[in-house]
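Participant: So here's query-v7.tsv (TSV, N, CA and C atoms).
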```
chain	number	residue	atom	x	y	z
A	1	MET	N	-24.54	92.41	69.01
A	1	MET	CA	-23.80	93.35	68.19
A	1	MET	C	-24.80	94.12	67.35
A	2	ASP	N	-24.77	95.41	67.51
A	2	ASP	CA	-25.76	96.22	66.83
A	2	ASP	C	-25.30	96.74	65.48
A	3	ASN	N	-24.01	96.79	65.26
A	3	ASN	CA	-23.60	97.40	64.00
A	3	ASN	C	-22.55	96.58	63.27
A	4	ILE	N	-22.47	96.83	62.00
A	4	ILE	CA	-21.57	96.06	61.15
A	4	ILE	C	-20.10	96.29	61.53
A	5	GLU	N	-19.79	97.49	62.03
A	5	GLU	CA	-18.41	97.78	62.42
A	5	GLU	C	-17.94	96.86	63.54
A	6	ALA	N	-18.82	96.57	64.48
A	6	ALA	CA	-18.47	95.68	65.59
A	6	ALA	C	-18.24	94.25	65.09
A	7	ILE	N	-19.04	93.84	64.11
A	7	ILE	CA	-18.85	92.50	63.53
A	7	ILE	C	-17.52	92.43	62.79
A	8	ILE	N	-17.24	93.47	62.03
A	8	ILE	CA	-15.97	93.51	61.29
A	8	ILE	C	-14.79	93.53	62.24
A	9	GLU	N	-14.90	94.28	63.32
A	9	GLU	CA	-13.83	94.32	64.32
A	9	GLU	C	-13.61	92.93	64.93
A	10	ALA	N	-14.69	92.24	65.23
A	10	ALA	CA	-14.58	90.88	65.79
A	10	ALA	C	-13.94	89.93	64.78
A	11	LEU	N	-14.27	90.08	63.50
A	11	LEU	CA	-13.64	89.26	62.45
A	11	LEU	C	-12.15	89.54	62.35
A	12	HIS	N	-11.78	90.80	62.43
A	12	HIS	CA	-10.35	91.16	62.40
A	12	HIS	C	-9.63	90.57	63.61
A	13	THR	N	-10.25	90.67	64.77
A	13	THR	CA	-9.63	90.13	65.99
A	13	THR	C	-9.47	88.62	65.88
A	14	LEU	N	-10.51	87.94	65.43
A	14	LEU	CA	-10.44	86.49	65.26
A	14	LEU	C	-9.33	86.12	64.28
A	15	SER	N	-9.27	86.81	63.18
A	15	SER	CA	-8.24	86.53	62.17
A	15	SER	C	-6.84	86.74	62.74
A	16	ALA	N	-6.65	87.82	63.48
A	16	ALA	CA	-5.35	88.12	64.07
A	16	ALA	C	-4.95	87.07	65.11
A	17	ARG	N	-5.92	86.65	65.91
A	17	ARG	CA	-5.62	85.63	66.93
A	17	ARG	C	-5.29	84.29	66.29
A	18	LEU	N	-6.01	83.94	65.23
A	18	LEU	CA	-5.71	82.70	64.53
A	18	LEU	C	-4.32	82.75	63.90
A	19	GLU	N	-3.96	83.89	63.36
A	19	GLU	CA	-2.61	84.04	62.78
A	19	GLU	C	-1.55	83.89	63.87
A	20	ALA	N	-1.80	84.49	65.03
A	20	ALA	CA	-0.86	84.37	66.15
A	20	ALA	C	-0.73	82.91	66.58
A	21	LEU	N	-1.84	82.19	66.63
A	21	LEU	CA	-1.81	80.78	67.01
A	21	LEU	C	-1.03	79.95	65.99
A	22	ARG	N	-1.18	80.29	64.71
A	22	ARG	CA	-0.47	79.56	63.65
A	22	ARG	C	1.05	79.70	63.78
A	23	THR	N	1.49	80.85	64.26
A	23	THR	CA	2.94	81.11	64.32
A	23	THR	C	3.61	80.49	65.54
A	24	MET	N	2.82	80.05	66.50
A	24	MET	CA	3.39	79.46	67.70
A	24	MET	C	3.80	78.01	67.42
A	25	GLU	N	5.03	77.72	67.70
A	25	GLU	CA	5.56	76.37	67.49
A	25	GLU	C	5.17	75.46	68.65
A	26	ARG	N	5.03	74.20	68.37
A	26	ARG	CA	4.66	73.24	69.40
A	26	ARG	C	5.68	73.22	70.54
A	27	SER	N	6.95	73.33	70.20
A	27	SER	CA	7.99	73.31	71.23
A	27	SER	C	7.87	74.52	72.17
A	28	GLU	N	7.36	75.63	71.65
A	28	GLU	CA	7.19	76.83	72.48
A	28	GLU	C	6.11	76.63	73.53
A	29	LEU	N	5.18	75.76	73.27
A	29	LEU	CA	4.07	75.55	74.19
A	29	LEU	C	4.48	74.84	75.47
A	30	ARG	N	5.68	74.28	75.46
A	30	ARG	CA	6.19	73.62	76.68
A	30	ARG	C	6.73	74.62	77.68
A	31	VAL	N	7.02	75.82	77.21
A	31	VAL	CA	7.51	76.89	78.08
A	31	VAL	C	6.29	77.52	78.77
A	32	PRO	N	6.31	77.57	80.11
A	32	PRO	CA	5.11	78.04	80.84
A	32	PRO	C	4.55	79.38	80.36
A	33	CYS	N	5.38	80.38	80.19
A	33	CYS	CA	4.84	81.69	79.79
A	33	CYS	C	4.28	81.64	78.37
A	34	GLN	N	4.89	80.82	77.49
A	34	GLN	CA	4.38	80.67	76.14
A	34	GLN	C	3.05	79.91	76.15
A	35	SER	N	2.97	78.92	77.00
A	35	SER	CA	1.73	78.16	77.13
A	35	SER	C	0.60	79.06	77.61
A	36	ASP	N	0.89	79.93	78.57
A	36	ASP	CA	-0.10	80.88	79.06
A	36	ASP	C	-0.53	81.84	77.96
A	37	GLN	N	0.44	82.30	77.16
A	37	GLN	CA	0.14	83.20	76.05
A	37	GLN	C	-0.74	82.51	75.01
A	38	TYR	N	-0.42	81.26	74.71
A	38	TYR	CA	-1.22	80.48	73.76
A	38	TYR	C	-2.66	80.35	74.26
A	39	ARG	N	-2.79	80.00	75.53
A	39	ARG	CA	-4.12	79.82	76.13
A	39	ARG	C	-4.91	81.14	76.08
A	40	SER	N	-4.27	82.23	76.40
A	40	SER	CA	-4.93	83.54	76.37
A	40	SER	C	-5.35	83.92	74.95
A	41	THR	N	-4.47	83.67	74.00
A	41	THR	CA	-4.78	83.97	72.60
A	41	THR	C	-5.94	83.11	72.12
A	42	LEU	N	-5.93	81.85	72.51
A	42	LEU	CA	-7.01	80.93	72.14
A	42	LEU	C	-8.34	81.40	72.73
A	43	GLU	N	-8.33	81.82	73.98
A	43	GLU	CA	-9.55	82.32	74.62
A	43	GLU	C	-10.05	83.58	73.92
A	44	ASP	N	-9.16	84.48	73.54
A	44	ASP	CA	-9.54	85.69	72.80
A	44	ASP	C	-10.18	85.32	71.46
A	45	ALA	N	-9.60	84.33	70.79
A	45	ALA	CA	-10.13	83.89	69.50
A	45	ALA	C	-11.55	83.35	69.68
A	46	TYR	N	-11.74	82.52	70.69
A	46	TYR	CA	-13.08	81.98	70.93
A	46	TYR	C	-14.08	83.08	71.30
A	47	ALA	N	-13.65	84.06	72.07
A	47	ALA	CA	-14.55	85.16	72.44
A	47	ALA	C	-14.98	85.94	71.20
A	48	SER	N	-14.05	86.20	70.30
A	48	SER	CA	-14.39	86.90	69.06
A	48	SER	C	-15.31	86.05	68.20
A	49	TYR	N	-15.02	84.77	68.12
A	49	TYR	CA	-15.86	83.86	67.34
A	49	TYR	C	-17.28	83.84	67.90
A	50	SER	N	-17.40	83.83	69.20
A	50	SER	CA	-18.71	83.82	69.84
A	50	SER	C	-19.50	85.08	69.50
A	51	LYS	N	-18.83	86.22	69.50
A	51	LYS	CA	-19.49	87.49	69.13
A	51	LYS	C	-19.99	87.43	67.70
A	52	ILE	N	-19.17	86.90	66.81
A	52	ILE	CA	-19.55	86.79	65.40
A	52	ILE	C	-20.74	85.85	65.25
A	53	GLU	N	-20.65	84.71	65.91
A	53	GLU	CA	-21.71	83.72	65.84
A	53	GLU	C	-23.04	84.29	66.34
A	54	THR	N	-22.99	85.02	67.45
A	54	THR	CA	-24.19	85.63	68.00
A	54	THR	C	-24.77	86.65	67.03
A	55	ALA	N	-23.91	87.48	66.45
A	55	ALA	CA	-24.36	88.50	65.50
A	55	ALA	C	-25.00	87.86	64.27
A	56	VAL	N	-24.40	86.80	63.76
A	56	VAL	CA	-24.94	86.11	62.58
A	56	VAL	C	-26.28	85.46	62.94
A	57	ASP	N	-26.39	84.87	64.11
A	57	ASP	CA	-27.66	84.28	64.54
A	57	ASP	C	-28.75	85.35	64.63
A	58	GLU	N	-28.41	86.51	65.19
A	58	GLU	CA	-29.38	87.61	65.30
A	58	GLU	C	-29.81	88.08	63.91
A	59	LEU	N	-28.88	88.19	63.00
A	59	LEU	CA	-29.22	88.59	61.63
A	59	LEU	C	-30.12	87.53	60.97
A	60	GLY	N	-29.82	86.26	61.22
A	60	GLY	CA	-30.64	85.19	60.68
A	60	GLY	C	-32.06	85.23	61.22
A	61	GLN	N	-32.19	85.51	62.51
A	61	GLN	CA	-33.52	85.62	63.12
A	61	GLN	C	-34.31	86.78	62.52
A	62	GLU	N	-33.62	87.89	62.30
A	62	GLU	CA	-34.28	89.04	61.69
A	62	GLU	C	-34.71	88.72	60.26
A	63	LEU	N	-33.86	88.02	59.53
A	63	LEU	CA	-34.18	87.62	58.17
A	63	LEU	C	-35.41	86.71	58.16
A	64	GLU	N	-35.47	85.75	59.07
A	64	GLU	CA	-36.63	84.86	59.16
A	64	GLU	C	-37.89	85.64	59.49
A	65	TYR	N	-37.77	86.62	60.38
A	65	TYR	CA	-38.92	87.46	60.74
A	65	TYR	C	-39.47	88.15	59.50
A	66	HIS	N	-38.59	88.73	58.70
A	66	HIS	CA	-39.04	89.44	57.50
A	66	HIS	C	-39.59	88.46	56.46
A	67	HIS	N	-39.05	87.26	56.41
A	67	HIS	CA	-39.58	86.24	55.51
A	67	HIS	C	-41.01	85.87	55.91
A	68	GLN	N	-41.23	85.72	57.22
A	68	GLN	CA	-42.57	85.41	57.70
A	68	GLN	C	-43.54	86.55	57.44
A	69	ARG	N	-43.05	87.78	57.56
A	69	ARG	CA	-43.90	88.94	57.26
A	69	ARG	C	-44.34	88.92	55.81
A	70	LEU	N	-43.43	88.56	54.93
A	70	LEU	CA	-43.75	88.49	53.51
A	70	LEU	C	-44.82	87.43	53.27
A	71	GLY	N	-44.66	86.27	53.91
A	71	GLY	CA	-45.66	85.22	53.76
A	71	GLY	C	-47.01	85.64	54.31
A	72	ALA	N	-47.00	86.33	55.43
A	72	ALA	CA	-48.25	86.78	56.05
A	72	ALA	C	-48.93	87.86	55.23
A	73	ALA	N	-48.16	88.64	54.49
A	73	ALA	CA	-48.73	89.71	53.68
A	73	ALA	C	-49.58	89.14	52.55
A	74	GLY	N	-49.27	87.93	52.10
A	74	GLY	CA	-50.03	87.32	51.02
A	74	GLY	C	-51.27	86.59	51.48
A	75	GLU	N	-51.44	86.43	52.77
A	75	GLU	CA	-52.60	85.72	53.31
A	75	GLU	C	-53.73	86.70	53.57
A	76	PRO	N	-54.95	86.25	53.40
A	76	PRO	CA	-56.09	87.14	53.69
A	76	PRO	C	-56.16	87.46	55.19
A	77	ASP	N	-56.63	88.66	55.52
A	77	ASP	CA	-56.81	89.04	56.91
A	77	ASP	C	-57.88	88.18	57.54
A	78	GLU	N	-57.68	87.83	58.82
A	78	GLU	CA	-58.68	87.05	59.54
A	78	GLU	C	-59.78	87.99	60.02
A	79	GLN	N	-61.01	87.52	59.90
A	79	GLN	CA	-62.17	88.27	60.40
A	79	GLN	C	-62.47	87.80	61.81
A	80	GLU	N	-62.78	88.74	62.69
A	80	GLU	CA	-63.12	88.38	64.06
A	80	GLU	C	-64.58	88.10	64.20
```
Spell out the structure here as structure tokens.
Facilitator:
Amino acid sequence: MDNIEAIIEALHTLSARLEALRTMERSELRVPCQSDQYRSTLEDAYASYSKIETAVDELGQELEYHHQRLGAAGEPDEQE
């Protein structure tokens, strides 16, 4: 995910799917079409979560890179 808008969209999707899952009653899950809908909604939620997780990991890696740069800036240059 390259931009914050995509992350926000994935958060909105995850939130909406979780809300949909909360509203489904256990008795509804015994009905085949409802069970399929639940499964599909659950898969969508996991896909959105995965996108968010990947984006956060990428941001964390970038943050670590910049932290290392800061540490390296304080060290004397190596002479060849």
Participant: Between A:Leu63, A:Val31, A:Leu70, A:Ile52, single out the one closest to Ala10 in chain A, counting all atoms listed in the file.
Facilitator: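 Of all the options, A:Ile52 lies closest to Ala10 in chain A.
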Participant: Give the answer as one residue: which of A:Ala73, A:Glu64, A:Arg17, A:Glu9 has the shortest atom-to-atom distance to Tyr46 in chain A, using only N, CA and C atoms?
Facilitator: A:Arg17
Participant: Find the residues near Val56 in chain A: any atom within 9 Å, counting only C-alpha atoms, skip ones fewer than 5 places away on the same chain, and give them as a PDB file with N, CA and C atoms, in the frame of the given file.
Facilitator:
```pdb
ATOM      1  N   ILE A   7     -19.040  93.840  64.110  1.00  0.00           N
ATOM      2  CA  ILE A   7     -18.850  92.500  63.530  1.00  0.00           C
ATOM      3  C   ILE A   7     -17.520  92.430  62.790  1.00  0.00           C
ATOM      4  N   LYS A  51     -18.830  86.220  69.500  1.00  0.00           N
ATOM      5  CA  LYS A  51     -19.490  87.490  69.130  1.00  0.00           C
ATOM      6  C   LYS A  51     -19.990  87.430  67.700  1.00  0.00           C
ATOM      7  N   GLN A  61     -32.190  85.510  62.510  1.00  0.00           N
ATOM      8  CA  GLN A  61     -33.520  85.620  63.120  1.00  0.00           C
ATOM      9  C   GLN A  61     -34.310  86.780  62.520  1.00  0.00           C
TER      10      GLN A  61
END
```
Participant: Pick out the closest residue to Leu18 in chain A from this set: A:Leu59, A:Ala45, A:Ile4, A:Cys33. Count all atoms listed in the file.
Facilitator: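 Between A:Leu59, A:Ala45, A:Ile4, A:Cys33, the residue approaching Leu18 in chain A most closely is A:Ala45.
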Participant: Given the choices A:Ala72, A:Met24, A:Asn3, A:His12, which gets closest to Tyr38 in chain A if the distance is worked out from all atoms listed in the file?
Facilitator: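 For Tyr38 in chain A, the nearest of the given residues is A:Met24.
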Participant: With 4 Å added on each side, what axis-aligned box encloses every listed atom of range 52-56 of chain A? Give the centre and edge lengths in Å to one decimal, as AutoDock Vina command-line options.
Facilitator:
```
--center_x -22.7 --center_y 86.1 --center_z 65.3 --size_x 15.1 --size_y 12.8 --size_z 13.4
```
Participant: Using all atoms listed in the file, which of the listed residues (A:Thr23, A:Gln68, A:Gln34, A:Thr13) sits closest to Ser48 in chain A?
Facilitator: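 The closest residue to Ser48 in chain A is A:Thr13.
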Participant: So the first atom is atom C of Arg69 in chain A and the second is atom N of Glu53 in chain A; what is the distance between them in Å, to one decimal place?
Facilitator: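 Separating atom C of Arg69 in chain A from atom N of Glu53 in chain A is a distance of 26.1 Å.
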Participant: Which residue out of A:Glu58, A:Leu42, A:Leu29, A:Gly71 has the minimum interatomic distance to Ser15 in chain A when only C-alpha atoms are used?
Facilitator: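 Between A:Glu58, A:Leu42, A:Leu29, A:Gly71, the residue approaching Ser15 in chain A most closely is A:Leu42.
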Participant: Would you give me, as a ChimeraX atom specification, the residues in chain A that DSSP reads as alpha helix (DSSP H)?
Facilitator: /A:4-23,32-73
